[in-house]
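So the structure is just underneath, and the comments pick up after that.
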Amino acid sequence: MIARATRVTVITLGVSVLVLLSGCGGTAPAPPTARVERGSVSTQVSASGALAAVTSQNLGFSKAAQLLELDVKVGDIVRPGQVLARQDPFSFQQILNQYTAQLNNQRAILDRIVNGTIVHGDSRTLDQAKKIFDATKENRDAIVDRDKNAVDQAERTLDFQRRQLQQARQACQDAANSTMTTATSGLSSALTGTGSTTSSGSSSTGSDDSDDTAPSTCGGDTTSQTNLNTAISNFITARNTLETAEHTLEVDRKTQDVSVENSRQSVVTAQNAFDSDRSDRGPNIDAQAAQVANAAAFVANAARDVNNTTLYAPLGGTVSAINGAVGEWLNAGGGTTALAPGTDAGIPGVGAAATSDQSSASSALSATRPGGSAFIVLNNIDTYQVVVPFEESDAARVAPNQKVKVTFDAIPDLERDGTVLSVAPGGVNISGVTNYYATILLTNTDPRLRSGLTAETGVLVNSLDNVLVVPNSAIIRQGGRTFVNTPGPDGKPVQTQFQPGLVGDDNTQVLSGLREGQEIQLPQATVSGAPGGR
């Protein structure tokens with residue numbers, strides 16, 4: 001059972017007590033006095049716990065077998081990955097061999113189904129049909145792009161020749177206007193109305209283009225007439241070229257679309273053949289693949305069982321317990337570790353922390369079987385933590401980062417500072433009382449420390465520095481009010497009320513009602529002795 005207590009420690013800086021002693025005689029001694037001065041008041045809660053290594057793990061084998069080899073002893077320091085022990089792997093290896101043979105057989109059956117020639121032939125035919133289909137589409141796109149480019153070029157040429165024709169007609173009209181009479185001028189105007197002004201900006205091959213090609217006379221100007229005739233001829237040629245290009249585009253597009261659809265049909269035919277031939281074999285392949293996967297799972301488990309016959313150190317540490325000798329049959333498992341709050345340290349299962357209410361893993365511990373049901377217990381003893389159960393009234397006042405003083409029953413001259421690391425959010429029942437585990441990290445260690453040592457902890461839960469304080473022995477409480485006795489004018493005590501603050505074990509904080517340096521009276525001790533004595 002863990003001893004628990006709550007105590008209040010008060011640190012007083014500079015409270016001077018003036019004790020007036022009288023000699024032996026008939027005069028009554030004056031009451032001792034003190035003064036209201038500044039100091040520090042602190043309170044703490046205490047509880048007993050036990051040291052725990054910063055990390056602790058219970059190790060064991062996954063299955064029962066005979067221990068073949070043990071490579072470490074209690075107290076050995078091991079490194080991560082180091083071999084600790086080996087089981088006899090014979091039976092596990094035979095099971096692995098059996099499952100491996102079954103897996104190879106299932107794979108051979110699957111290969112025979114998968115490598116059938118019909119489905120593979122259909123697959124190759126389908127792939128080839130897809131390639132032809134892709135090539136046909138690319139060819140169609142190339143031909144159509146070529147024809148579109150030809151149409152675009154013909155349209156640009158036609159626009160150019162149309163502008164040339166308009167310019168030639170304008171030149172012809174200007175020549176005719178300069179040589180013809182007024183009547184002739186009227187006729188030229190009529191011709192101009194069917195010429196360039198009606199076809200300006202036209203880019204189609206409709207009726208406006210036919211008007212552009214109508215013959216005209218240039219009033220005897222042979223150069224203008226020749227230029228006009230040439231422009232008309234070039235315009236007609238460009239228009240015919242555009243019509244030819246547009247026709248070629250339309251024909252090629254339809255022809256290539258037919259080729260693409262024929263190629264698509266070849267792909268569909270090949271796909272149907274592939275699906276049809278595969279339909280009867282697909283479910284068989286899936287079923288056989290499932291058989292292979294099932295056999296592979298058995299092999300993987302059997303291989304792990306073989307590997308698990310060698311026990312490795314998962315981390316560096318010190319071997320603190322071994323329960324088993326070479327030649328003995330070990331049970332499966334190594335037990336689980338109850339972790340302290342906020343850390344990988346285990347809640348100690350021996351020493352001061354052991355109780356009858358702990359888990360079955362801890363209750364299995366005994367003087368002749370340290371480590372309980374675990375085969376090997378591995379601890380990291382470079383750093384220790386104190387795991388302490390606090391009763392619920394004290395636990396409510398404990399919080400992370402609070403300072404702690406730690407002493408040890410087995411090492412009376414050793415005291416270590418610590419810090420509260422974490423407090424468990426859930427309580428446990430210890431001897432009918434709800435307790436909450438807290439983990440306290442030691443600031444520094446000592447070579448004399450051992451896992452499981454009983455530790456007394458005092459957690460500083462409240463502290464005030466540089467405040468006015470009075471001794472608790474001078475305080476008088478009546479009717480919910482607080483007083484101290486101060487010397488009156490005639491030397492007799494006068495009750496003076498004040499407002500207290502934090503109450504410590506020896507001193508109490510003064511919030512108001514008393515001034516610094518003010519004298520107060522302390523209770524007078526009564527000494528009794530034998531007759532004639534002093």
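We name chains A, B, ... following the order of the structure tokens; residues begin at 1 in each chain, and ligands are numbered from 1 as shown.
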*Hey, what does DSSP flag as helix (DSSP H, G or I) within stretch 282-319 of chain A? Can you give it to me as a PyMOL selection string?*
chain A and resi 282-307
Quick one: residues within 8 Å of A:Phe92, only C-alpha atoms, excluding same-chain residues fewer than 2 positions away - as a PDB file with all heavy atoms, in the first residue's frame?
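Contents of part-v4.pdb, freshly written:
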ATOM      1  N   PRO A  89      13.120 -23.345 -34.058  1.00  0.00           N
ATOM      2  CA  PRO A  89      12.264 -23.003 -35.201  1.00  0.00           C
ATOM      3  C   PRO A  89      11.784 -24.214 -35.999  1.00  0.00           C
ATOM      4  O   PRO A  89      11.126 -24.036 -37.029  1.00  0.00           O
ATOM      5  CB  PRO A  89      13.203 -22.139 -36.049  1.00  0.00           C
ATOM      6  CG  PRO A  89      14.552 -22.724 -35.824  1.00  0.00           C
ATOM      7  CD  PRO A  89      14.553 -23.217 -34.389  1.00  0.00           C
ATOM      8  N   PHE A  90      12.087 -25.448 -35.570  1.00  0.00           N
ATOM      9  CA  PHE A  90      11.860 -26.609 -36.433  1.00  0.00           C
ATOM     10  C   PHE A  90      10.404 -26.719 -36.886  1.00  0.00           C
ATOM     11  O   PHE A  90      10.111 -26.801 -38.076  1.00  0.00           O
ATOM     12  CB  PHE A  90      12.286 -27.899 -35.707  1.00  0.00           C
ATOM     13  CG  PHE A  90      12.022 -29.134 -36.516  1.00  0.00           C
ATOM     14  CD1 PHE A  90      12.872 -29.515 -37.541  1.00  0.00           C
ATOM     15  CD2 PHE A  90      10.900 -29.921 -36.261  1.00  0.00           C
ATOM     16  CE1 PHE A  90      12.623 -30.648 -38.300  1.00  0.00           C
ATOM     17  CE2 PHE A  90      10.640 -31.058 -37.015  1.00  0.00           C
ATOM     18  CZ  PHE A  90      11.500 -31.424 -38.033  1.00  0.00           C
ATOM     19  N   GLN A  94       8.808 -26.250 -40.747  1.00  0.00           N
ATOM     20  CA  GLN A  94       8.093 -27.294 -41.485  1.00  0.00           C
ATOM     21  C   GLN A  94       6.737 -26.791 -41.969  1.00  0.00           C
ATOM     22  O   GLN A  94       6.310 -27.099 -43.098  1.00  0.00           O
ATOM     23  CB  GLN A  94       7.910 -28.531 -40.584  1.00  0.00           C
ATOM     24  CG  GLN A  94       9.213 -29.195 -40.185  1.00  0.00           C
ATOM     25  CD  GLN A  94      10.089 -29.508 -41.388  1.00  0.00           C
ATOM     26  OE1 GLN A  94       9.649 -30.140 -42.359  1.00  0.00           O
ATOM     27  NE2 GLN A  94      11.341 -29.070 -41.326  1.00  0.00           N
ATOM     28  N   ILE A  95       6.061 -26.024 -41.163  1.00  0.00           N
ATOM     29  CA  ILE A  95       4.776 -25.447 -41.586  1.00  0.00           C
ATOM     30  C   ILE A  95       4.989 -24.485 -42.743  1.00  0.00           C
ATOM     31  O   ILE A  95       4.219 -24.464 -43.713  1.00  0.00           O
ATOM     32  CB  ILE A  95       4.102 -24.755 -40.391  1.00  0.00           C
ATOM     33  CG1 ILE A  95       3.713 -25.780 -39.325  1.00  0.00           C
ATOM     34  CG2 ILE A  95       2.871 -23.971 -40.849  1.00  0.00           C
ATOM     35  CD1 ILE A  95       3.168 -25.169 -38.049  1.00  0.00           C
ATOM     36  N   LEU A  96       6.053 -23.682 -42.673  1.00  0.00           N
ATOM     37  CA  LEU A  96       6.363 -22.766 -43.772  1.00  0.00           C
ATOM     38  C   LEU A  96       6.633 -23.533 -45.062  1.00  0.00           C
ATOM     39  O   LEU A  96       6.156 -23.144 -46.147  1.00  0.00           O
ATOM     40  CB  LEU A  96       7.564 -21.902 -43.397  1.00  0.00           C
ATOM     41  CG  LEU A  96       8.094 -20.972 -44.497  1.00  0.00           C
ATOM     42  CD1 LEU A  96       7.018 -19.988 -44.942  1.00  0.00           C
ATOM     43  CD2 LEU A  96       9.335 -20.229 -44.017  1.00  0.00           C
ATOM     44  N   ALA A 302       3.334 -17.957 -41.880  1.00  0.00           N
ATOM     45  CA  ALA A 302       4.295 -18.974 -41.461  1.00  0.00           C
ATOM     46  C   ALA A 302       5.714 -18.415 -41.453  1.00  0.00           C
ATOM     47  O   ALA A 302       6.514 -18.734 -40.555  1.00  0.00           O
ATOM     48  CB  ALA A 302       4.210 -20.184 -42.398  1.00  0.00           C
ATOM     49  N   ASP A 305       6.148 -16.391 -38.376  1.00  0.00           N
ATOM     50  CA  ASP A 305       6.336 -17.249 -37.204  1.00  0.00           C
ATOM     51  C   ASP A 305       7.779 -17.725 -37.106  1.00  0.00           C
ATOM     52  O   ASP A 305       8.345 -17.814 -36.009  1.00  0.00           O
ATOM     53  CB  ASP A 305       5.390 -18.453 -37.270  1.00  0.00           C
ATOM     54  CG  ASP A 305       3.938 -18.064 -37.022  1.00  0.00           C
ATOM     55  OD1 ASP A 305       3.714 -16.971 -36.465  1.00  0.00           O
ATOM     56  OD2 ASP A 305       3.039 -18.840 -37.406  1.00  0.00           O
ATOM     57  N   VAL A 306       8.386 -18.036 -38.258  1.00  0.00           N
ATOM     58  CA  VAL A 306       9.789 -18.449 -38.245  1.00  0.00           C
ATOM     59  C   VAL A 306      10.673 -17.289 -37.794  1.00  0.00           C
ATOM     60  O   VAL A 306      11.573 -17.450 -36.961  1.00  0.00           O
ATOM     61  CB  VAL A 306      10.213 -18.947 -39.639  1.00  0.00           C
ATOM     62  CG1 VAL A 306      11.721 -19.197 -39.683  1.00  0.00           C
ATOM     63  CG2 VAL A 306       9.471 -20.232 -39.991  1.00  0.00           C
TER      64      VAL A 306
END
_I'd like the interatomic distance between atom CA of A:Asn308 and atom CA of A:Ala374, to a tenth of an Å._
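Here the two named atoms are 15.9 Å from each other.
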Which residues are near A:Ile77? Cut-off 7 Å, only C-alpha atoms, ignore same chain within fewer than 4 positions. Put them as a short mmCIF file (atom, residue, chain, number, x, y, z; two decimals) with C-alpha atoms, in the first residue's frame.
data_model
loop_
_atom_site.label_atom_id
_atom_site.label_comp_id
_atom_site.auth_asym_id
_atom_site.auth_seq_id
_atom_site.Cartn_x
_atom_site.Cartn_y
_atom_site.Cartn_z
CA GLY A 317 18.05 -0.38 -22.45
CA THR A 318 18.90 -2.59 -19.53
CA VAL A 319 17.55 -6.10 -18.99
#
*Distance criterion (only C-alpha atoms): nearest to A:Leu249 out of A:Ala293, A:Leu165, A:Val151, A:Ile440*: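 Checking each of A:Ala293, A:Leu165, A:Val151, A:Ile440 against A:Leu249, counting only C-alpha atoms, the winner is A:Val151.
The nearest approach to A:Arg515 among the residues A:Phe160, A:Gly480, A:Val470, A:Pro412, with only C-alpha atoms taken into account, belongs to A:Val470.
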*Assign secondary structure with DSSP using the backbone only, and return the residues of stretch 19-178 of chain A in strand (DSSP E or B) as a ChimeraX atom specification.*
/A:33-35,37-59,65-70,77-78,83-87
*Using only C-alpha atoms, determine which residues lie at most 9 Å from A:Gln291, disregarding the query and same-chain residues fewer than 2 positions distant; provide the list as a PyMOL selection string.*
chain A and resi 103+106-107+110+286-289+293-296
*Excluding A:Asp409 and residues on its chain fewer than 3 positions from it, collect all residues at most 10 Å away from it, counting only C-alpha atoms, and give them as a PyMOL selection string.*
chain A and resi 412-414+453-456
Okay, now the selection with C-alpha atoms, as a compact mmCIF listing (two decimals), in the first residue's frame?
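Output (result.txt):
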# COMPACT_ATOMS: atom_id res chain seq x y z
CA PRO A 412 17.89 9.39 3.12
CA ASP A 413 20.61 11.83 2.09
CA LEU A 414 19.38 12.14 -1.51
CA LEU A 453 12.35 2.59 -5.34
CA THR A 454 9.82 4.25 -3.02
CA ALA A 455 9.82 8.01 -3.52
CA GLU A 456 8.20 10.73 -1.43
*Leaving out A:Ser123 and any residue of its chain fewer than 4 positions from it, which residues lie within 8 Å of it when counting only C-alpha atoms, given as an MDAnalysis selection string?*
chainID A and resid 119 127 274
*Any idea what's packed within 10 Å of A:Cys172, counting only C-alpha atoms, ignoring anything in its chain fewer than 4 positions away? Could you give it as a ChimeraX atom specification?*
/A:166-168,176-177,188,192,216-228
_Please compute the atom CA of A:Gly81-atom CA of A:Gly316 distance, one decimal, in Å._
8.2 Å
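Here atom CA of A:Pro447 is placed at a distance of 11.3 Å from atom CA of A:Ile411.
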*Which of A:Gln161, A:Asn307, A:Ser259, A:Thr434 sits closest to A:Ser233 [using only C-alpha atoms]*: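 Of the candidates, the smallest distance to A:Ser233 is held by A:Gln161.
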*Pick out the closest residue to A:Ile376 from this set: A:Val41, A:Ile322, A:Leu315, A:Leu449. Count only C-alpha atoms.*
A:Ile322
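The shortest atom-to-atom distance to A:Thr407, with only C-alpha atoms taken into account, belongs to A:Ser46 out of A:Thr33, A:Ser512, A:Ser46, A:Gln256.
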